[in-house]
>>> print(open('protein.cif').read())   # mmCIF, C-alpha atoms
data_input
#
loop_
_atom_site.group_PDB
_atom_site.id
_atom_site.type_symbol
_atom_site.label_atom_id
_atom_site.label_comp_id
_atom_site.auth_asym_id
_atom_site.auth_seq_id
_atom_site.Cartn_x
_atom_site.Cartn_y
_atom_site.Cartn_z
ATOM 1 C CA MET A 1 22.571 10.588 0.998
ATOM 2 C CA ARG A 2 22.030 7.638 3.275
ATOM 3 C CA ALA A 3 22.204 3.978 2.325
ATOM 4 C CA ILE A 4 18.399 4.097 2.030
ATOM 5 C CA TRP A 5 18.716 4.679 -1.688
ATOM 6 C CA ARG A 6 20.266 1.224 -2.099
ATOM 7 C CA LEU A 7 17.441 -0.622 -0.393
ATOM 8 C CA ALA A 8 15.405 -3.276 -2.170
ATOM 9 C CA PRO A 9 11.968 -2.440 -3.594
ATOM 10 C CA ARG A 10 10.185 -3.169 -0.325
ATOM 11 C CA LEU A 11 12.096 -0.236 1.237
ATOM 12 C CA LEU A 12 12.843 -2.063 4.443
ATOM 13 C CA ALA A 13 13.913 1.078 6.277
ATOM 14 C CA VAL A 14 13.040 4.709 5.611
ATOM 15 C CA SER A 15 14.543 7.146 8.024
ATOM 16 C CA VAL A 16 11.305 9.013 8.693
ATOM 17 C CA VAL A 17 9.756 5.912 10.219
ATOM 18 C CA LEU A 18 11.697 5.698 13.423
ATOM 19 C CA GLY A 19 9.065 4.008 15.558
ATOM 20 C CA LEU A 20 7.360 0.684 16.074
ATOM 21 C CA ALA A 21 3.902 -0.367 17.134
ATOM 22 C CA ALA A 22 3.995 -1.186 20.814
ATOM 23 C CA CYS A 23 0.565 -2.840 21.025
ATOM 24 C CA GLY A 24 -2.083 -3.027 18.373
ATOM 25 C CA GLY A 25 0.149 -2.761 15.294
ATOM 26 C CA GLU A 26 2.290 -5.474 13.825
ATOM 27 C CA HIS A 27 4.632 -3.321 11.769
ATOM 28 C CA GLN A 28 8.103 -2.814 13.158
ATOM 29 C CA ALA A 29 10.426 -0.282 11.556
ATOM 30 C CA GLU A 30 14.153 -0.813 11.154
ATOM 31 C CA THR A 31 16.352 2.190 11.795
ATOM 32 C CA ALA A 32 19.739 3.055 10.429
ATOM 33 C CA GLY A 33 22.600 3.757 12.773
ATOM 34 C CA ASP A 34 23.290 2.819 16.341
ATOM 35 C CA SER A 35 20.068 2.421 18.328
ATOM 36 C CA ALA A 36 21.998 3.257 21.483
ATOM 37 C CA ASP A 37 22.179 6.860 20.286
ATOM 38 C CA MET A 38 18.411 7.140 19.958
ATOM 39 C CA ALA A 39 15.807 8.317 22.451
ATOM 40 C CA ARG A 40 12.203 7.121 22.617
ATOM 41 C CA VAL A 41 8.743 8.557 23.187
ATOM 42 C CA GLU A 42 6.156 5.977 24.215
ATOM 43 C CA GLY A 43 2.452 6.321 24.797
ATOM 44 C CA ALA A 44 -1.044 5.594 23.537
ATOM 45 C CA VAL A 45 -3.644 7.206 21.296
ATOM 46 C CA VAL A 46 -7.254 7.220 22.520
ATOM 47 C CA TYR A 47 -10.650 8.580 21.527
ATOM 48 C CA ARG A 48 -13.846 8.865 23.544
ATOM 49 C CA GLU A 49 -16.423 8.004 20.906
ATOM 50 C CA ARG A 50 -18.131 4.634 21.331
ATOM 51 C CA MET A 51 -17.396 3.290 17.895
ATOM 52 C CA LEU A 52 -15.108 0.885 16.097
ATOM 53 C CA LEU A 53 -12.915 1.997 13.237
ATOM 54 C CA PRO A 54 -13.487 0.577 9.741
ATOM 55 C CA PRO A 55 -11.266 -2.352 8.684
ATOM 56 C CA GLY A 56 -7.875 -1.219 7.430
ATOM 57 C CA ALA A 57 -7.887 2.087 9.336
ATOM 58 C CA GLY A 58 -4.417 3.539 9.849
ATOM 59 C CA LEU A 59 -2.884 5.552 12.665
ATOM 60 C CA GLU A 60 0.000 8.021 12.244
ATOM 61 C CA ILE A 61 1.891 9.714 15.066
ATOM 62 C CA GLU A 62 4.440 12.430 14.295
ATOM 63 C CA LEU A 63 7.119 14.144 16.365
ATOM 64 C CA GLN A 64 7.076 17.696 14.998
ATOM 65 C CA ASP A 65 9.131 20.853 15.324
ATOM 66 C CA ILE A 66 6.474 23.594 15.552
ATOM 67 C CA SER A 67 8.809 26.475 16.382
ATOM 68 C CA ARG A 68 8.124 28.563 13.290
ATOM 69 C CA ALA A 69 4.746 30.256 13.345
ATOM 70 C CA ASP A 70 5.142 31.358 9.715
ATOM 71 C CA ALA A 71 5.817 27.879 8.337
ATOM 72 C CA GLY A 72 4.464 24.375 8.539
ATOM 73 C CA ALA A 73 5.660 21.890 11.115
ATOM 74 C CA THR A 74 8.833 19.916 10.411
ATOM 75 C CA VAL A 75 8.453 16.181 11.015
ATOM 76 C CA LEU A 76 11.459 14.782 12.883
ATOM 77 C CA ALA A 77 10.126 11.225 13.207
ATOM 78 C CA SER A 78 6.870 9.386 12.630
ATOM 79 C CA VAL A 79 5.307 5.974 12.883
ATOM 80 C CA LEU A 80 2.456 4.425 10.903
ATOM 81 C CA LEU A 81 0.532 1.444 12.240
ATOM 82 C CA SER A 82 -2.773 -0.324 11.962
ATOM 83 C CA ALA A 83 -5.568 0.875 14.233
ATOM 84 C CA GLU A 84 -7.058 -2.517 14.979
ATOM 85 C CA GLY A 85 -9.695 -3.174 17.609
ATOM 86 C CA ALA A 86 -10.628 -0.601 20.206
ATOM 87 C CA PRO A 87 -8.359 2.064 21.720
ATOM 88 C CA PRO A 88 -5.937 2.621 23.332
ATOM 89 C CA TYR A 89 -3.412 2.161 20.523
ATOM 90 C CA GLY A 90 0.123 1.928 21.847
ATOM 91 C CA PHE A 91 3.024 3.471 19.994
ATOM 92 C CA ALA A 92 6.735 4.198 20.312
ATOM 93 C CA ILE A 93 8.807 6.671 18.302
ATOM 94 C CA ASP A 94 12.601 6.604 18.302
ATOM 95 C CA TYR A 95 14.312 9.891 17.496
ATOM 96 C CA ASP A 96 17.808 11.364 17.421
ATOM 97 C CA PRO A 97 18.252 13.589 20.502
ATOM 98 C CA ALA A 98 21.035 15.442 18.702
ATOM 99 C CA ARG A 99 18.336 17.000 16.509
ATOM 100 C CA ILE A 100 16.492 18.473 19.503
ATOM 101 C CA ASP A 101 17.259 22.134 20.188
ATOM 102 C CA PRO A 102 16.101 23.309 23.642
ATOM 103 C CA ARG A 103 15.343 26.721 22.153
ATOM 104 C CA MET A 104 12.732 25.216 19.841
ATOM 105 C CA ARG A 105 9.195 23.929 20.488
ATOM 106 C CA TYR A 106 8.142 20.370 19.758
ATOM 107 C CA ALA A 107 4.839 18.510 19.727
ATOM 108 C CA LEU A 108 3.223 15.149 19.043
ATOM 109 C CA ARG A 109 0.384 14.893 16.538
ATOM 110 C CA ALA A 110 -1.819 11.880 15.841
ATOM 111 C CA THR A 111 -4.265 11.182 13.017
ATOM 112 C CA ILE A 112 -6.477 8.222 12.157
ATOM 113 C CA TYR A 113 -7.589 7.699 8.573
ATOM 114 C CA SER A 114 -9.419 5.214 6.382
ATOM 115 C CA GLY A 115 -7.980 5.263 2.872
ATOM 116 C CA ASP A 116 -7.766 8.960 1.964
ATOM 117 C CA GLU A 117 -10.453 9.963 4.474
ATOM 118 C CA LEU A 118 -9.381 11.621 7.721
ATOM 119 C CA LEU A 119 -11.418 10.262 10.648
ATOM 120 C CA PHE A 120 -9.716 11.542 13.819
ATOM 121 C CA THR A 121 -7.015 14.079 14.613
ATOM 122 C CA SER A 122 -5.419 15.476 17.747
ATOM 123 C CA THR A 123 -6.252 19.130 18.431
ATOM 124 C CA ASP A 124 -4.460 19.887 21.721
ATOM 125 C CA TYR A 125 -0.770 20.609 22.191
ATOM 126 C CA ILE A 126 1.016 17.442 23.336
ATOM 127 C CA ASP A 127 4.497 17.852 24.831
ATOM 128 C CA PRO A 128 6.572 14.877 23.623
ATOM 129 C CA PHE A 129 9.089 15.302 26.456
ATOM 130 C CA GLN A 130 6.698 15.379 29.403
ATOM 131 C CA GLY A 131 7.714 11.854 30.384
ATOM 132 C CA ASN A 132 6.531 8.416 29.287
ATOM 133 C CA PRO A 133 3.878 7.239 28.783
ATOM 134 C CA VAL A 134 2.245 10.039 26.780
ATOM 135 C CA GLU A 135 -1.486 9.955 26.078
ATOM 136 C CA ILE A 136 -2.809 11.587 22.906
ATOM 137 C CA LEU A 137 -6.544 12.235 22.686
ATOM 138 C CA VAL A 138 -7.865 12.475 19.126
ATOM 139 C CA GLN A 139 -11.148 14.106 18.142
ATOM 140 C CA ARG A 140 -13.506 12.880 15.452
ATOM 141 C CA VAL A 141 -13.394 15.006 12.301
ATOM 142 C CA PRO A 142 -16.843 16.213 11.161
ATOM 143 C CA GLU A 143 -17.971 14.411 8.035
ATOM 144 C CA ALA A 144 -18.468 17.707 6.202
ATOM 145 C CA VAL A 145 -14.751 18.531 6.355
ATOM 146 C CA ARG A 146 -13.186 15.067 6.049
ATOM 147 C CA ARG A 147 -12.610 15.454 2.327
ATOM 148 C CA ALA A 148 -12.061 19.195 2.302
ATOM 149 C CA GLY A 149 -8.577 18.845 0.799
ATOM 150 C CA PRO A 150 -7.780 18.360 -2.879
ATOM 151 C CA ALA A 151 -8.203 15.016 -4.618
ATOM 152 C CA LEU A 152 -5.147 13.122 -5.860
ATOM 153 C CA GLU A 153 -5.690 14.270 -9.447
ATOM 154 C CA ASP A 154 -6.253 17.928 -8.499
ATOM 155 C CA GLY A 155 -3.572 20.470 -9.383
ATOM 156 C CA VAL A 156 0.145 20.278 -8.645
ATOM 157 C CA TRP A 157 1.819 18.572 -5.680
ATOM 158 C CA VAL A 158 5.107 20.122 -4.492
ATOM 159 C CA LEU A 159 7.638 17.866 -2.760
ATOM 160 C CA HIS A 160 7.975 18.709 0.941
ATOM 161 C CA THR A 161 9.956 15.816 2.450
ATOM 162 C CA LEU A 162 11.873 12.919 0.921
ATOM 163 C CA ALA A 163 12.950 9.937 3.054
ATOM 164 C CA GLY A 164 12.284 11.899 6.216
ATOM 165 C CA GLU A 165 14.262 15.008 5.305
ATOM 166 C CA LEU A 166 13.065 18.368 4.065
ATOM 167 C CA ALA A 167 13.359 18.352 0.300
ATOM 168 C CA SER A 168 15.895 20.688 -1.233
ATOM 169 C CA ALA A 169 15.170 22.693 -4.359
ATOM 170 C CA GLY A 170 16.328 21.490 -7.745
ATOM 171 C CA ALA A 171 18.058 23.311 -10.563
ATOM 172 C CA GLY A 172 17.350 27.021 -10.634
ATOM 173 C CA GLY A 173 15.779 26.851 -7.181
ATOM 174 C CA LYS A 174 12.704 25.112 -8.584
ATOM 175 C CA PRO A 175 11.042 22.493 -6.335
ATOM 176 C CA VAL A 176 10.291 18.930 -7.386
ATOM 177 C CA ASP A 177 6.619 18.539 -8.248
ATOM 178 C CA LEU A 178 4.113 15.893 -9.284
ATOM 179 C CA GLN A 179 0.846 15.939 -11.232
ATOM 180 C CA PHE A 180 -1.641 13.162 -11.942
ATOM 181 C CA ASP A 181 -3.715 12.874 -15.107
ATOM 182 C CA GLY A 182 -6.605 10.633 -14.090
ATOM 183 C CA ALA A 183 -7.967 10.205 -17.616
ATOM 184 C CA GLU A 184 -4.658 9.034 -19.075
ATOM 185 C CA ARG A 185 -3.337 7.484 -15.834
ATOM 186 C CA ARG A 186 -0.104 9.407 -16.318
ATOM 187 C CA ALA A 187 2.082 11.078 -13.702
ATOM 188 C CA ALA A 188 4.413 13.917 -14.643
ATOM 189 C CA GLY A 189 6.406 16.769 -13.182
ATOM 190 C CA PHE A 190 9.817 18.294 -12.538
ATOM 191 C CA SER A 191 12.259 15.911 -10.843
ATOM 192 C CA GLY A 192 15.061 18.306 -9.879
ATOM 193 C CA CYS A 193 16.813 18.715 -13.212
ATOM 194 C CA ASN A 194 14.524 17.330 -15.904
ATOM 195 C CA ARG A 195 10.858 16.865 -16.667
ATOM 196 C CA TYR A 196 9.581 13.312 -16.195
ATOM 197 C CA THR A 197 6.470 11.315 -17.083
ATOM 198 C CA GLY A 198 5.209 7.762 -16.654
ATOM 199 C CA GLY A 199 2.184 5.657 -15.866
ATOM 200 C CA TYR A 200 0.586 5.069 -12.489
ATOM 201 C CA ALA A 201 -2.044 2.675 -11.140
ATOM 202 C CA ARG A 202 -4.469 2.821 -8.224
ATOM 203 C CA GLU A 203 -5.476 -0.828 -8.232
ATOM 204 C CA GLY A 204 -4.403 -3.611 -5.885
ATOM 205 C CA MET A 205 -4.036 -3.934 -2.127
ATOM 206 C CA ALA A 206 -2.405 -1.522 0.313
ATOM 207 C CA GLU A 207 -1.063 -2.272 3.780
ATOM 208 C CA GLN A 208 -1.780 1.353 4.690
ATOM 209 C CA GLY A 209 -3.767 4.031 2.885
ATOM 210 C CA SER A 210 -5.038 3.592 -0.690
ATOM 211 C CA PRO A 211 -3.210 1.659 -3.450
ATOM 212 C CA LEU A 212 -0.870 3.629 -5.724
ATOM 213 C CA SER A 213 2.104 2.521 -7.796
ATOM 214 C CA PHE A 214 4.254 4.142 -10.479
ATOM 215 C CA GLY A 215 5.593 2.634 -13.672
ATOM 216 C CA PRO A 216 9.003 3.407 -15.196
ATOM 217 C CA MET A 217 9.562 7.130 -15.676
ATOM 218 C CA ALA A 218 10.937 8.708 -18.830
ATOM 219 C CA GLY A 219 12.517 12.148 -18.763
ATOM 220 C CA THR A 220 14.340 14.800 -20.670
ATOM 221 C CA ARG A 221 18.134 14.615 -20.685
ATOM 222 C CA MET A 222 19.369 18.001 -19.612
ATOM 223 C CA ALA A 223 22.633 18.284 -17.668
ATOM 224 C CA CYS A 224 22.334 20.381 -14.503
ATOM 225 C CA ALA A 225 24.933 21.677 -12.099
ATOM 226 C CA GLU A 226 22.371 21.302 -9.294
ATOM 227 C CA GLY A 227 19.537 18.915 -8.640
ATOM 228 C CA GLY A 228 21.036 15.784 -10.184
ATOM 229 C CA GLU A 229 21.366 13.797 -6.959
ATOM 230 C CA LEU A 230 17.922 14.914 -5.794
ATOM 231 C CA GLU A 231 16.428 13.796 -9.099
ATOM 232 C CA GLN A 232 18.102 10.398 -8.965
ATOM 233 C CA ASN A 233 16.949 9.687 -5.432
ATOM 234 C CA TYR A 234 13.424 10.976 -6.016
ATOM 235 C CA LEU A 235 12.809 8.895 -9.142
ATOM 236 C CA ARG A 236 14.312 5.819 -7.488
ATOM 237 C CA LEU A 237 11.990 6.125 -4.510
ATOM 238 C CA LEU A 238 8.912 6.540 -6.690
ATOM 239 C CA GLY A 239 9.555 2.970 -7.771
ATOM 240 C CA VAL A 240 8.918 1.562 -4.268
ATOM 241 C CA VAL A 241 5.661 3.430 -3.619
ATOM 242 C CA ASN A 242 2.604 1.208 -3.220
ATOM 243 C CA ALA A 243 0.088 3.445 -1.406
ATOM 244 C CA PHE A 244 -0.854 7.003 -0.525
ATOM 245 C CA THR A 245 -2.866 9.011 1.978
ATOM 246 C CA LEU A 246 -4.434 12.443 1.690
ATOM 247 C CA GLU A 247 -4.951 14.728 4.664
ATOM 248 C CA GLY A 248 -6.036 18.250 3.889
ATOM 249 C CA ASP A 249 -3.458 19.681 1.499
ATOM 250 C CA THR A 250 -0.832 17.003 2.254
ATOM 251 C CA LEU A 251 -0.178 13.966 0.037
ATOM 252 C CA THR A 252 1.890 11.179 1.611
ATOM 253 C CA LEU A 253 3.464 8.415 -0.499
ATOM 254 C CA LEU A 254 4.012 5.125 1.300
ATOM 255 C CA ALA A 255 5.895 1.853 0.907
ATOM 256 C CA GLY A 256 3.977 -0.474 3.206
ATOM 257 C CA PRO A 257 3.747 1.383 6.532
ATOM 258 C CA GLU A 258 6.751 3.575 5.763
ATOM 259 C CA VAL A 259 6.671 7.177 4.554
ATOM 260 C CA VAL A 260 8.606 7.684 1.327
ATOM 261 C CA ALA A 261 7.709 11.317 0.596
ATOM 262 C CA THR A 262 5.225 14.053 1.421
ATOM 263 C CA PHE A 263 3.881 16.759 -0.860
ATOM 264 C CA LYS A 264 1.919 19.970 -0.368
ATOM 265 C CA SER A 265 -0.843 21.078 -2.706
ATOM 266 C CA ALA A 266 0.059 24.092 -4.820
ATOM 267 C CA ARG A 267 -3.460 24.711 -6.111
#
>>> encode(input="protein.cif", output="structure tokens")
Amino acid sequence: MRAIWRLAPRLLAVSVVLGLAACGGEHQAETAGDSADMARVEGAVVYRERMLLPPGAGLEIELQDISRADAGATVLASVLLSAEGAPPYGFAIDYDPARIDPRMRYALRATIYSGDELLFTSTDYIDPFQGNPVEILVQRVPEAVRRAGPALEDGVWVLHTLAGELASAGAGGKPVDLQFDGAERRAAGFSGCNRYTGGYAREGMAEQGSPLSFGPMAGTRMACAEGGELEQNYLRLLGVVNAFTLEGDTLTLLAGPEVVATFKSAR
């Protein structure tokens, strides 16, 4: 694994956040490795509605691999920033060109949210390699479907990505998962080798999304031939989480503006 696991609790750099806010967001992401090896997509996100976003609204732009019609998109890089003032909202995403396969199909996707409520999303195909600058038009999401996805405390969340990489399965091919008990304020699940449990809180302030933090996790003590490293990294990263967003059936855990992990609903 990368040196990300040794970062301090503020999680100064998470590999999935490879971009920076060009104009309209003050959060700048640090990237590991030699920046000279990276390529960049620059552009702006716009909407046509004559309205201002609520205070604290967030904007996420993702560079996705959408080649597989029978599976969800794979996020190669993303950036989270504040959607302050009126559009356009400038953005820049740095990505590793070595990960781009000319046989595959790639796209940009943008969403604007307030807390766990999705406000705007892009609906058209946006070619990330059409040449800079790229304009992404987002459409307002009808109020009736904004909260159509599960709530945080609903069902089981299955780990999809961790620190910007697709999550591997744990021992016995079982995926890492997470459940929230709202009445007891306890989180629990399978961490790759063992079962784990610990407290969580939804109070406080969040730079992006809605507040969420985890307390120390206790677990069983089984020895596994597989899943040990995954478990260690996953539990360590839970400790830096301070916010979350919900979009449809996707739960995203954040440390400031940076994506720590994403989960898919298994309900």
>>> residues_around(input="protein.cif", residues="Arg185 of chain A", least_positions_apart="2", cutoff="12 Å", atoms="all atoms listed in the file", output="list in words")
Leu152, Glu153, Gln179, Phe180, Asp181, Gly182, Ala183, Ala187, Ala188, Thr197, Gly198, Gly199, Tyr200, Ala201, Arg202, Glu203, Leu212, Ser213, Phe214 and Gly215 of chain A
>>> closest_residue(input="protein.cif", among="A:Leu52, A:Ala151, A:Ala39, A:Ala73", to="Asn132 of chain A", atoms="all atoms listed in the file")
A:Ala39
>>> resolve_selection(input="protein.cif", expression="the PyMOL selection byres ((chain A and resi 67) around 8)", output="list in words")
Asp65, Ile66, Arg68, Ala69, Ala73, Met104, Arg105 and Tyr106 of chain A
>>> resolve_selection(input="protein.cif", expression="the PyMOL selection byres ((chain A and resi 250) around 9)", output="list in words")
Gly149, Pro150, Trp157, Thr245, Leu246, Glu247, Gly248, Asp249, Leu251, Thr252, Thr262, Phe263, Lys264 and Ser265 of chain A
>>> atom_distance(input="protein.cif", atom1="atom CA of Cys224 of chain A", atom2="atom CA of Val176 of chain A")
14.1 Å
>>> residues_around(input="protein.cif", residues="Asp37 of chain A", least_positions_apart="6", cutoff="10 Å", atoms="all atoms listed in the file", output="PyMOL selection string")
chain A and resi 94-98
>>> build_atoms(input="protein.cif", residues="segment 108-129 of chain A", atoms="N, CA, C and O atoms", output="CSV table (one decimal), in the coordinates of the input")
chain,number,residue,atom,x,y,z
A,108,LEU,N,3.7,16.4,19.6
A,108,LEU,CA,3.2,15.1,19.0
A,108,LEU,C,1.9,15.4,18.4
A,108,LEU,O,1.0,16.1,18.9
A,109,ARG,N,1.7,14.8,17.2
A,109,ARG,CA,0.4,14.9,16.5
A,109,ARG,C,0.0,13.5,16.1
A,109,ARG,O,0.8,12.7,15.6
A,110,ALA,N,-1.3,13.2,16.2
A,110,ALA,CA,-1.8,11.9,15.8
A,110,ALA,C,-3.0,12.1,14.9
A,110,ALA,O,-3.8,13.0,15.1
A,111,THR,N,-3.1,11.2,13.9
A,111,THR,CA,-4.3,11.2,13.0
A,111,THR,C,-4.7,9.7,12.7
A,111,THR,O,-3.8,8.8,12.7
A,112,ILE,N,-5.9,9.5,12.5
A,112,ILE,CA,-6.5,8.2,12.2
A,112,ILE,C,-7.2,8.4,10.9
A,112,ILE,O,-8.0,9.4,10.7
A,113,TYR,N,-7.0,7.5,9.9
A,113,TYR,CA,-7.6,7.7,8.6
A,113,TYR,C,-8.0,6.3,8.1
A,113,TYR,O,-7.6,5.3,8.5
A,114,SER,N,-9.0,6.4,7.1
A,114,SER,CA,-9.4,5.2,6.4
A,114,SER,C,-9.3,5.5,4.9
A,114,SER,O,-10.0,6.4,4.4
A,115,GLY,N,-8.3,4.9,4.2
A,115,GLY,CA,-8.0,5.3,2.9
A,115,GLY,C,-7.5,6.7,2.8
A,115,GLY,O,-6.6,7.1,3.6
A,116,ASP,N,-8.1,7.5,2.0
A,116,ASP,CA,-7.8,9.0,2.0
A,116,ASP,C,-8.7,9.8,2.8
A,116,ASP,O,-8.7,11.1,2.6
A,117,GLU,N,-9.5,9.2,3.7
A,117,GLU,CA,-10.5,10.0,4.5
A,117,GLU,C,-10.0,10.1,5.9
A,117,GLU,O,-9.7,9.1,6.6
A,118,LEU,N,-9.8,11.3,6.4
A,118,LEU,CA,-9.4,11.6,7.7
A,118,LEU,C,-10.5,11.4,8.7
A,118,LEU,O,-11.6,12.0,8.5
A,119,LEU,N,-10.4,10.6,9.7
A,119,LEU,CA,-11.4,10.3,10.6
A,119,LEU,C,-11.2,11.0,12.0
A,119,LEU,O,-12.2,11.5,12.5
A,120,PHE,N,-10.0,10.9,12.5
A,120,PHE,CA,-9.7,11.5,13.8
A,120,PHE,C,-8.4,12.3,13.7
A,120,PHE,O,-7.5,11.9,13.0
A,121,THR,N,-8.3,13.4,14.5
A,121,THR,CA,-7.0,14.1,14.6
A,121,THR,C,-6.9,14.7,16.0
A,121,THR,O,-7.9,15.0,16.7
A,122,SER,N,-5.6,14.8,16.5
A,122,SER,CA,-5.4,15.5,17.7
A,122,SER,C,-5.5,17.0,17.5
A,122,SER,O,-5.1,17.5,16.5
A,123,THR,N,-6.1,17.7,18.5
A,123,THR,CA,-6.3,19.1,18.4
A,123,THR,C,-5.5,19.9,19.5
A,123,THR,O,-5.4,21.1,19.4
A,124,ASP,N,-5.1,19.2,20.6
A,124,ASP,CA,-4.5,19.9,21.7
A,124,ASP,C,-2.9,19.8,21.6
A,124,ASP,O,-2.4,18.8,20.9
A,125,TYR,N,-2.2,20.7,22.2
A,125,TYR,CA,-0.8,20.6,22.2
A,125,TYR,C,-0.3,19.5,23.1
A,125,TYR,O,-0.8,19.4,24.3
A,126,ILE,N,0.5,18.6,22.6
A,126,ILE,CA,1.0,17.4,23.3
A,126,ILE,C,2.5,17.6,23.4
A,126,ILE,O,3.2,17.5,22.4
A,127,ASP,N,3.1,17.7,24.6
A,127,ASP,CA,4.5,17.9,24.8
A,127,ASP,C,5.1,16.5,24.7
A,127,ASP,O,4.8,15.6,25.5
A,128,PRO,N,6.0,16.2,23.8
A,128,PRO,CA,6.6,14.9,23.6
A,128,PRO,C,7.6,14.5,24.7
A,128,PRO,O,7.9,13.3,24.9
A,129,PHE,N,8.0,15.5,25.5
A,129,PHE,CA,9.1,15.3,26.5
A,129,PHE,C,8.6,15.5,27.9
A,129,PHE,O,9.3,15.7,28.8
